[in-house]
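Encoded as structure tokens, the structure appears first; notes follow it.
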Amino acid sequence: MTTEKDRARDTGEERLLYGCMGLGGAWDTTPYGAAEIDRAEAAIEAALGIGITVFDHADIYRHGKSEAVFGEVLARTPGLRERIVLQTKCGIRLAADGLPGMYDLRGEHIVRQVEASLGRLRTDVIDVLLLHRPDPLADPDDIARALGSLHRQGLVRSFGVSNMSAAQISLLQARLDVPLVADQLELSLARRDWLEAGVLVNTVEAASVGFPEGTLEHCRANGIRLQAWGALARGRFTGLQETPEERATAAYLSALAEAKGTTEETILLWWLQRHPARIAPVVGSARPDRIRACADAARREPELSHEEWYRLWITARGAALP
């Protein structure tokens, strides 16, 4: 029987993902304790409670503690692993032992980090593995050998990338025998260069937009699901506003939320989900109340009209379209 988890993994139909970067305590190597496990469990339960079944990790989050506390929750909750999709990332090395932080997509490093993530997560398979950042020294053939081996061994089911352009994806895909299923990028109403790049063509403003041209279109054309990290705009429209544009956008968000019987967080996520690229936002808060504020984005189709969607964009950008 095909389960909800199977559908999310195989067809990319998930509306929201839960980002686990906030779990595990401080961003250092101090051990986690019972309190960190309990807080992780509360966040996971809140995410499950609104219908999220895809959980996004990375080997570096909280120096591995995010994966570790999640593994503790899996161990204390029989049957939970079978109900969810586990996604993690590798390819960033934190500063340590006198060395600066760097990127590392050598095949041997990928395999080593996957094995470590499997141990921390207390599972025998990762559903989706993303390559976290482009490594300028990476050899696509070396990456392909590593990913192929992980796939054949049944240690990883699917693969994707994070923070990569269309050209980088194409080069890697040409060497792989399995399809890349996702590209995770920072996309939000505050981080709009992905959107601006598509409408500033043939304008002088285009030179100020650094988003790699054609990346959204490449993903759409090749069935690569776009995932949006930073989707809640780091609280810039739902917390303290610092600019006139942010204050105006927050006011309009509030009015829309009241009119539609939902929350400002949901409106922000609906704005991304309303785009035809089928963007799946990643909700990264560790606070159960803020996770629950996103419930309608997990359960309801985006209820933004063409005009409302554009008004949010233009209000946030603080200037008319070209």
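Just so we're on the same page: first chain in the structure tokens is A, next is B, and so on; residues restart at 1 for each chain, and ligands are numbered from 1 in the order they show up.
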Output as JSON lines one row per residue of region 55-110 of chain A within 12 Å of region 225-231 of chain A: the closest atom pair and its distance in Å to one decimal place, counting only C-alpha atoms, sorted by chain and residue number ascending.
```
{"residue": "A:Asp56", "atom": "CA", "partner": "A:Trp229", "partner_atom": "CA", "distance": 10.0}
{"residue": "A:His57", "atom": "CA", "partner": "A:Trp229", "partner_atom": "CA", "distance": 11.6}
{"residue": "A:Gln87", "atom": "CA", "partner": "A:Gln227", "partner_atom": "CA", "distance": 11.7}
```
Per-residue DSSP, region 162-213 of chain A, filtered to strand (DSSP E), as a JSON list (two decimals) with C-alpha atoms, in the first residue's frame:
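Printed below is out_28.json as written:
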```
[["chain", "number", "residue", "atom", "x", "y", "z"],
["A", 162, "SER", "CA", 21.17, 22.92, -1.99],
["A", 180, "LEU", "CA", 18.30, 14.91, -8.64],
["A", 181, "VAL", "CA", 14.93, 15.52, -7.00],
["A", 182, "ALA", "CA", 15.37, 18.81, -5.11],
["A", 183, "ASP", "CA", 17.22, 22.10, -4.95],
["A", 184, "GLN", "CA", 16.98, 23.96, -1.64],
["A", 185, "LEU", "CA", 17.49, 27.71, -1.91],
["A", 186, "GLU", "CA", 16.83, 30.76, 0.24]]
```
| message | So that I can check the surroundings of Leu187 (chain A), please list as a list in words every protein, DNA and RNA residue that reaches within 12 Å of it, counting only C-alpha atoms and ignoring chain neighbours fewer than 6 positions away. | response |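 Answer for this query is Ser162, Asn163, Asp193, Trp194, Leu195, Glu196, Phe211, Leu216, Leu226, Gln227, Ala228, Trp229, Gly230, Ala231, Leu232, Ala233, Arg234, Leu268, Leu269, Trp271, Leu272, Gln273, His275, Ala277, Ile279, Ala280, Pro281, Val282 and Val283 of chain A.
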Write the residues of the selection above to a file with C-alpha atoms, as an mmCIF file, in the first residue's frame.
```
data_model
loop_
_atom_site.group_PDB
_atom_site.id
_atom_site.type_symbol
_atom_site.label_atom_id
_atom_site.label_comp_id
_atom_site.auth_asym_id
_atom_site.auth_seq_id
_atom_site.Cartn_x
_atom_site.Cartn_y
_atom_site.Cartn_z
ATOM 1 C CA SER A 162 21.169 22.921 -1.988
ATOM 2 C CA ASN A 163 22.257 26.428 -2.973
ATOM 3 C CA ASP A 193 16.341 38.013 -6.015
ATOM 4 C CA TRP A 194 15.079 34.674 -7.383
ATOM 5 C CA LEU A 195 11.935 36.511 -8.451
ATOM 6 C CA GLU A 196 13.487 39.814 -9.424
ATOM 7 C CA PHE A 211 20.554 35.095 -8.610
ATOM 8 C CA LEU A 216 13.988 28.176 -11.380
ATOM 9 C CA LEU A 226 12.310 23.721 -5.180
ATOM 10 C CA GLN A 227 12.574 23.894 -1.394
ATOM 11 C CA ALA A 228 12.701 27.301 0.305
ATOM 12 C CA TRP A 229 14.870 27.773 3.374
ATOM 13 C CA GLY A 230 14.412 31.023 5.286
ATOM 14 C CA ALA A 231 10.799 30.943 4.095
ATOM 15 C CA LEU A 232 9.434 32.966 7.031
ATOM 16 C CA ALA A 233 11.837 35.807 6.168
ATOM 17 C CA ARG A 234 13.669 35.501 9.491
ATOM 18 C CA LEU A 268 4.080 34.356 3.946
ATOM 19 C CA LEU A 269 4.183 30.660 3.085
ATOM 20 C CA TRP A 271 3.027 33.633 -1.134
ATOM 21 C CA LEU A 272 5.786 31.138 -1.945
ATOM 22 C CA GLN A 273 3.417 28.221 -2.539
ATOM 23 C CA HIS A 275 4.223 30.481 -7.391
ATOM 24 C CA ALA A 277 7.264 26.462 -9.481
ATOM 25 C CA ILE A 279 7.886 25.766 -3.992
ATOM 26 C CA ALA A 280 7.907 23.766 -0.749
ATOM 27 C CA PRO A 281 8.797 26.073 2.161
ATOM 28 C CA VAL A 282 10.956 24.852 5.042
ATOM 29 C CA VAL A 283 9.634 25.938 8.446
#
```
| query | For Arg157 (chain A), which residue among A:Leu86, A:Ile60, A:Ala319, A:Val111 is the nearest when counting only C-alpha atoms? | reply | A:Leu86
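The nearest approach to Glu245 (chain A) among the residues A:Ala58, A:Leu189, A:Leu172, A:Ala286, with only C-alpha atoms taken into account, belongs to A:Leu189.
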| task | May I have the residues within 9 Å of Glu67 (chain A) as a ChimeraX atom specification, using only C-alpha atoms and disregarding those fewer than 3 positions away in the same chain? | result | /A:20-21,23-24,57-62,64,70-72,88,117-118,120-122
